[in-house]
Amino acid sequence: MPFIAFLLGTVFGSFANAVAWRLHTRQTLGGRSKCPKCEKTIGPQDLVPILSWAVLRGRCRMCQGRISWHYPFSEIMGGILFVGTALHFQNGSEMNEIFFFQIFFSVLILICVLMDLRWKELPLELMLFGTGATLLVQLALAGRTGTEMISAVFVSLLFFGSQWIVSKRKWIGEGDLFFSAMLTVGLGTWQLALVSIYVTYLVGAVLILLLLFIKRVKRGDKVPFAPFLATGYFMTLWYGEPILTFVRALLS
Ligand SMILES: [Zn+2]
């Protein structure tokens with residue numbers, strides 16, 4: 001089961017990468033995939049996630065131009081997200097509407113993360129659509145209340161919004177604010193929002209120290225923030241309840 005979920009996920013990861021590219025270059029979503037270098041249409045044998053890239057050793061079959069590591073990366077990320085979602089929903093609940101929504105939402109998040117990683121831009125329209133759709137699912141299907149949603153978004157906006165103001169948009173941009181608000185709506189309570197803020201900064205601090213150490217980034221470089229926010233979101237979605245149970249036990 002996890003293996004099938006991974007394979008399915010790589011296909012959706014490949015799709016997310018294609019959507020990210022087309023949103024960035026403002027192309028329509030229809031039409032066949034083309035090599036960005038020689039613009040020739042890519043045959044079906046070269047569209048198999050991860051494998052095609054590995055077999056062709058990261059080069060285009062026609063023009064031998066380099067194919068970015070973003071392709072296998074997005075496919076692997078899609079696989080990991082699907083396995084995580086499948087495992088998370090195995091306990092108790094069956095494959096219901098919320099499960100399929102989580103799959104859809106994780107693809108949407110992956111598109112945003114890929115765009116931020118590659119071009120440091122976030123798709124505003126897609127995020128507004130994602131926020132609206134998630135809000136609807138939370139209220140109509142997941143049994144969340146309006147008060148829960150408002151307090152969750154309030155905590156997130158208070159935290160990230162104050163950094164946006166204090167740093168004069170240097171640490172956090174408007175795109176990150178929209179993105180964090182969308183993820184918070186996906187989590188659904190202010191307690192989970194706090195857990196995700198904590199995880200975001202923990203993962204962020206460790207990774208940035210590592211990147212400084214291996215000299216992949218320099219002090220003062222602008223580092224995309226959406227990948228960290230997304231990591232915080234998925235860790236909290238999958239493990240947030242056990243973390244909260246642990247914290248409550250400590251406090252009582
Ligand atoms: Zn080519």
# chains A, B, ... in the order shown; residues from 1 in each chain; ligands from 1
>>> closest_atom_pairs(of="chain A", to="ligand 1", cutoff="7 Å", atoms="only C-alpha atoms and all ligand atoms", output="CSV")
residue,atom,partner,partner_atom_place_in_ligand_line,distance
A:Cys35,CA,ligand 1,1 (Zn),4.6
A:Pro36,CA,ligand 1,1 (Zn),6.7
A:Lys37,CA,ligand 1,1 (Zn),5.0
A:Cys38,CA,ligand 1,1 (Zn),4.1
A:Glu39,CA,ligand 1,1 (Zn),6.2
A:Lys40,CA,ligand 1,1 (Zn),6.2
A:Cys60,CA,ligand 1,1 (Zn),4.6
A:Arg61,CA,ligand 1,1 (Zn),6.6
A:Met62,CA,ligand 1,1 (Zn),5.1
A:Cys63,CA,ligand 1,1 (Zn),4.2
A:Gln64,CA,ligand 1,1 (Zn),6.1
A:Gly65,CA,ligand 1,1 (Zn),5.5
>>> select_by_dssp(residues="segment 18-238 of chain A", states="helix (DSSP H, G or I)", output="ChimeraX atom specification")
/A:18-24,44-46,51-55,70-90,97-119,124-140,146-166,174-187,190-213,226-238
>>> residues_around(residues="segment 111-115 of chain A", least_positions_apart="4", cutoff="6 Å", atoms="only C-alpha atoms", output="list in words")
Ala16, Ala20, Trp119, Glu121, Leu122, Ala226 and Pro227 of chain A
>>> write_last_selection(atoms="N, CA and C atoms", output="mmCIF file, in the first residue's frame")
data_model
loop_
_atom_site.group_PDB
_atom_site.id
_atom_site.type_symbol
_atom_site.label_atom_id
_atom_site.label_comp_id
_atom_site.auth_asym_id
_atom_site.auth_seq_id
_atom_site.Cartn_x
_atom_site.Cartn_y
_atom_site.Cartn_z
ATOM 1 N N ALA A 16 2.469 18.485 -10.608
ATOM 2 C CA ALA A 16 2.663 19.729 -9.845
ATOM 3 C C ALA A 16 3.795 20.553 -10.454
ATOM 4 N N ALA A 20 3.509 24.256 -12.019
ATOM 5 C CA ALA A 20 4.367 25.343 -11.518
ATOM 6 C C ALA A 20 5.048 26.058 -12.687
ATOM 7 N N TRP A 119 11.779 30.190 -8.255
ATOM 8 C CA TRP A 119 11.718 31.580 -8.734
ATOM 9 C C TRP A 119 11.403 32.574 -7.625
ATOM 10 N N GLU A 121 8.708 33.016 -6.078
ATOM 11 C CA GLU A 121 7.396 33.630 -6.268
ATOM 12 C C GLU A 121 6.324 32.632 -5.840
ATOM 13 N N LEU A 122 5.177 33.177 -5.393
ATOM 14 C CA LEU A 122 4.069 32.329 -4.967
ATOM 15 C C LEU A 122 2.819 32.729 -5.741
ATOM 16 N N ALA A 226 8.559 29.344 1.988
ATOM 17 C CA ALA A 226 7.419 28.429 1.823
ATOM 18 C C ALA A 226 7.783 26.957 2.084
ATOM 19 N N PRO A 227 8.981 26.469 1.672
ATOM 20 C CA PRO A 227 9.302 25.062 1.973
ATOM 21 C C PRO A 227 9.278 24.767 3.476
#
>>> atom_distance(atom1="atom CA of Thr28 of chain A", atom2="atom CA of Phe129 of chain A")
17.4 Å
>>> closest_residue(among="A:Lys218, A:Leu250, A:Val55, A:Trp69", to="Leu117 of chain A", atoms="only C-alpha atoms")
A:Trp69
>>> closest_residue(among="A:Trp164, A:Phe179, A:Phe89, A:Phe159", to="Leu110 of chain A", atoms="only C-alpha atoms")
A:Phe179
>>> closest_residue(among="A:Gly240, A:Pro224, A:Gly232, A:Gly146", to="Arg118 of chain A", atoms="only C-alpha atoms")
A:Pro224
>>> residues_around(residues="Ser156 of chain A", least_positions_apart="5", cutoff="8 Å", atoms="only C-alpha atoms", output="ChimeraX atom specification")
/A:161,180-181,184,190,193-194,197
>>> residues_around(residues="Leu81 of chain A", least_positions_apart="6", cutoff="12 Å", atoms="only C-alpha atoms", output="short mmCIF file (atom, residue, chain, number, x, y, z; two decimals) with C-alpha atoms, in the first residue's frame")
data_model
loop_
_atom_site.label_atom_id
_atom_site.label_comp_id
_atom_site.auth_asym_id
_atom_site.auth_seq_id
_atom_site.Cartn_x
_atom_site.Cartn_y
_atom_site.Cartn_z
CA PRO A 2 2.69 2.63 0.82
CA ALA A 5 0.83 5.48 -2.79
CA PHE A 6 4.42 6.49 -3.57
CA LEU A 7 4.10 5.59 -7.27
CA LEU A 8 0.81 7.49 -7.57
CA GLY A 9 2.39 10.40 -5.72
CA THR A 10 5.29 10.65 -8.18
CA VAL A 11 2.79 11.09 -11.02
CA PHE A 12 1.07 13.92 -9.15
CA GLY A 13 4.48 15.38 -8.25
CA SER A 74 9.16 17.23 -7.31
CA GLU A 75 8.31 13.61 -8.20
CA LEU A 87 -0.44 6.50 6.50
CA HIS A 88 -2.05 9.40 8.36
CA GLN A 102 -5.95 16.21 1.57
CA ILE A 103 -4.41 14.69 -1.57
CA PHE A 104 -5.64 17.60 -3.69
CA PHE A 105 -4.47 20.15 -1.09
CA SER A 106 -1.00 18.59 -0.81
CA VAL A 107 -0.54 18.84 -4.62
CA LEU A 108 -1.56 22.51 -4.42
CA ILE A 109 0.96 23.11 -1.61
CA LEU A 110 3.68 21.33 -3.61
CA ALA A 230 4.99 23.50 4.26
CA THR A 231 7.25 21.20 6.30
CA TYR A 233 2.27 22.10 8.08
CA PHE A 234 2.71 18.45 7.07
CA MET A 235 4.56 17.50 10.29
CA LEU A 237 -0.99 17.51 10.17
CA TRP A 238 0.50 14.04 10.60
#
>>> residues_around(residues="Ala54 of chain A", least_positions_apart="2", cutoff="12 Å", atoms="only C-alpha atoms", output="list in words")
Asp46, Leu47, Val48, Pro49, Ile50, Leu51, Ser52, Leu56, Arg57, Gly58, Arg59, Cys60, Ile67, Ser68, Trp69, Tyr71, Pro72 and Phe73 of chain A
>>> write_last_selection(atoms="N, CA and C atoms", output="mmCIF file, in the first residue's frame")
data_model
loop_
_atom_site.group_PDB
_atom_site.id
_atom_site.type_symbol
_atom_site.label_atom_id
_atom_site.label_comp_id
_atom_site.auth_asym_id
_atom_site.auth_seq_id
_atom_site.Cartn_x
_atom_site.Cartn_y
_atom_site.Cartn_z
ATOM 1 N N ASP A 46 9.609 9.071 -22.113
ATOM 2 C CA ASP A 46 10.472 9.952 -21.321
ATOM 3 C C ASP A 46 9.701 10.729 -20.265
ATOM 4 N N LEU A 47 8.456 10.321 -20.032
ATOM 5 C CA LEU A 47 7.633 11.022 -19.042
ATOM 6 C C LEU A 47 7.399 10.176 -17.789
ATOM 7 N N VAL A 48 8.081 9.031 -17.678
ATOM 8 C CA VAL A 48 7.919 8.187 -16.489
ATOM 9 C C VAL A 48 8.627 8.868 -15.313
ATOM 10 N N PRO A 49 7.893 9.142 -14.211
ATOM 11 C CA PRO A 49 8.513 9.857 -13.096
ATOM 12 C C PRO A 49 9.794 9.178 -12.601
ATOM 13 N N ILE A 50 10.759 9.970 -12.212
ATOM 14 C CA ILE A 50 12.060 9.581 -11.649
ATOM 15 C C ILE A 50 12.871 8.707 -12.606
ATOM 16 N N LEU A 51 12.272 7.599 -13.085
ATOM 17 C CA LEU A 51 13.005 6.629 -13.923
ATOM 18 C C LEU A 51 13.546 7.263 -15.195
ATOM 19 N N SER A 52 12.686 8.018 -15.909
ATOM 20 C CA SER A 52 13.125 8.635 -17.169
ATOM 21 C C SER A 52 14.316 9.543 -16.939
ATOM 22 N N LEU A 56 17.973 8.762 -18.574
ATOM 23 C CA LEU A 56 18.572 9.746 -19.486
ATOM 24 C C LEU A 56 19.681 10.548 -18.803
ATOM 25 N N ARG A 57 19.976 10.209 -17.552
ATOM 26 C CA ARG A 57 21.015 10.882 -16.747
ATOM 27 C C ARG A 57 20.830 12.402 -16.762
ATOM 28 N N GLY A 58 19.563 12.816 -16.592
ATOM 29 C CA GLY A 58 19.294 14.247 -16.466
ATOM 30 C C GLY A 58 19.528 15.045 -17.739
ATOM 31 N N ARG A 59 19.407 14.378 -18.914
ATOM 32 C CA ARG A 59 19.573 15.127 -20.165
ATOM 33 C C ARG A 59 18.400 14.853 -21.107
ATOM 34 N N CYS A 60 18.112 15.830 -21.989
ATOM 35 C CA CYS A 60 17.043 15.676 -22.960
ATOM 36 C C CYS A 60 17.484 14.683 -24.037
ATOM 37 N N ILE A 67 18.473 18.591 -17.865
ATOM 38 C CA ILE A 67 17.140 18.682 -17.286
ATOM 39 C C ILE A 67 17.320 18.891 -15.788
ATOM 40 N N SER A 68 16.678 19.923 -15.279
ATOM 41 C CA SER A 68 16.876 20.342 -13.888
ATOM 42 C C SER A 68 16.558 19.221 -12.900
ATOM 43 N N TRP A 69 17.260 19.239 -11.761
ATOM 44 C CA TRP A 69 16.975 18.295 -10.673
ATOM 45 C C TRP A 69 15.600 18.546 -10.072
ATOM 46 N N TYR A 71 12.876 18.279 -11.533
ATOM 47 C CA TYR A 71 11.928 17.270 -12.017
ATOM 48 C C TYR A 71 11.887 16.052 -11.101
ATOM 49 N N PRO A 72 13.024 15.326 -10.907
ATOM 50 C CA PRO A 72 12.954 14.192 -9.985
ATOM 51 C C PRO A 72 12.624 14.614 -8.561
ATOM 52 N N PHE A 73 13.090 15.828 -8.162
ATOM 53 C CA PHE A 73 12.812 16.298 -6.802
ATOM 54 C C PHE A 73 11.304 16.405 -6.561
#
>>> residues_around(residues="segment 167-171 of chain A", least_positions_apart="3", cutoff="12 Å", atoms="only C-alpha atoms", output="PDB file with N, CA and C atoms, in the first residue's frame")
ATOM      1  N   PHE A 160       3.281  35.768  12.092  1.00  0.00           N
ATOM      2  CA  PHE A 160       4.032  36.065  10.863  1.00  0.00           C
ATOM      3  C   PHE A 160       3.852  37.518  10.430  1.00  0.00           C
ATOM      4  N   GLY A 161       2.672  38.085  10.697  1.00  0.00           N
ATOM      5  CA  GLY A 161       2.394  39.466  10.333  1.00  0.00           C
ATOM      6  C   GLY A 161       3.296  40.431  11.083  1.00  0.00           C
ATOM      7  N   SER A 162       3.537  40.146  12.386  1.00  0.00           N
ATOM      8  CA  SER A 162       4.396  41.047  13.153  1.00  0.00           C
ATOM      9  C   SER A 162       5.833  40.992  12.624  1.00  0.00           C
ATOM     10  N   GLN A 163       6.266  39.803  12.159  1.00  0.00           N
ATOM     11  CA  GLN A 163       7.609  39.717  11.567  1.00  0.00           C
ATOM     12  C   GLN A 163       7.680  40.449  10.242  1.00  0.00           C
ATOM     13  N   TRP A 164       6.592  40.393   9.511  1.00  0.00           N
ATOM     14  CA  TRP A 164       6.508  41.102   8.229  1.00  0.00           C
ATOM     15  C   TRP A 164       6.671  42.600   8.466  1.00  0.00           C
ATOM     16  N   GLU A 174       4.670  39.159   1.351  1.00  0.00           N
ATOM     17  CA  GLU A 174       3.209  39.033   1.378  1.00  0.00           C
ATOM     18  C   GLU A 174       2.788  37.633   0.954  1.00  0.00           C
ATOM     19  N   GLY A 175       3.516  37.072  -0.027  1.00  0.00           N
ATOM     20  CA  GLY A 175       3.193  35.715  -0.493  1.00  0.00           C
ATOM     21  C   GLY A 175       3.258  34.710   0.637  1.00  0.00           C
ATOM     22  N   ASP A 176       4.303  34.837   1.479  1.00  0.00           N
ATOM     23  CA  ASP A 176       4.439  33.930   2.616  1.00  0.00           C
ATOM     24  C   ASP A 176       3.273  34.082   3.584  1.00  0.00           C
ATOM     25  N   LEU A 177       2.794  35.326   3.752  1.00  0.00           N
ATOM     26  CA  LEU A 177       1.658  35.560   4.651  1.00  0.00           C
ATOM     27  C   LEU A 177       0.411  34.843   4.152  1.00  0.00           C
ATOM     28  N   GLY A 220      22.735  36.875   4.914  1.00  0.00           N
ATOM     29  CA  GLY A 220      22.068  37.945   4.184  1.00  0.00           C
ATOM     30  C   GLY A 220      21.391  37.480   2.901  1.00  0.00           C
ATOM     31  N   ASP A 221      21.629  36.225   2.473  1.00  0.00           N
ATOM     32  CA  ASP A 221      20.916  35.680   1.316  1.00  0.00           C
ATOM     33  C   ASP A 221      19.429  35.571   1.632  1.00  0.00           C
ATOM     34  N   LYS A 222      18.615  35.726   0.589  1.00  0.00           N
ATOM     35  CA  LYS A 222      17.177  35.527   0.775  1.00  0.00           C
ATOM     36  C   LYS A 222      16.866  34.040   0.565  1.00  0.00           C
ATOM     37  N   VAL A 223      16.360  33.415   1.601  1.00  0.00           N
ATOM     38  CA  VAL A 223      16.054  31.982   1.517  1.00  0.00           C
ATOM     39  C   VAL A 223      14.542  31.837   1.373  1.00  0.00           C
ATOM     40  N   PRO A 224      14.064  31.027   0.412  1.00  0.00           N
ATOM     41  CA  PRO A 224      12.611  30.852   0.288  1.00  0.00           C
ATOM     42  C   PRO A 224      12.014  30.258   1.568  1.00  0.00           C
ATOM     43  N   PHE A 225      10.893  30.809   1.994  1.00  0.00           N
ATOM     44  CA  PHE A 225      10.319  30.454   3.291  1.00  0.00           C
ATOM     45  C   PHE A 225       9.211  29.404   3.164  1.00  0.00           C
ATOM     46  N   ALA A 226       8.559  29.344   1.988  1.00  0.00           N
ATOM     47  CA  ALA A 226       7.419  28.429   1.823  1.00  0.00           C
ATOM     48  C   ALA A 226       7.783  26.957   2.084  1.00  0.00           C
TER      49      ALA A 226
END
>>> closest_residue(among="A:Trp21, A:Phe101, A:Tyr201, A:Phe213", to="Pro123 of chain A", atoms="only C-alpha atoms")
A:Trp21
>>> select_by_dssp(residues="segment 2-250 of chain A", states="strand (DSSP E or B)", output="short mmCIF file (atom, residue, chain, number, x, y, z; two decimals) with N, CA and C atoms, in the first residue's frame")
data_model
loop_
_atom_site.label_atom_id
_atom_site.label_comp_id
_atom_site.auth_asym_id
_atom_site.auth_seq_id
_atom_site.Cartn_x
_atom_site.Cartn_y
_atom_site.Cartn_z
N LYS A 34 6.89 19.90 -23.24
CA LYS A 34 7.99 20.15 -24.17
C LYS A 34 9.28 20.31 -23.40
N THR A 41 8.44 18.22 -28.44
CA THR A 41 7.50 17.50 -27.58
C THR A 41 8.17 16.25 -27.01
N ARG A 59 19.41 14.38 -18.91
CA ARG A 59 19.57 15.13 -20.16
C ARG A 59 18.40 14.85 -21.11
N ARG A 66 20.66 19.90 -20.36
CA ARG A 66 20.47 19.47 -18.96
C ARG A 66 19.01 19.62 -18.53
#
>>> atom_distance(atom1="atom CA of Gly30 of chain A", atom2="atom CA of Phe100 of chain A")
23.4 Å
>>> atom_distance(atom1="atom CA of Tyr198 of chain A", atom2="atom CA of Phe246 of chain A")
14.7 Å
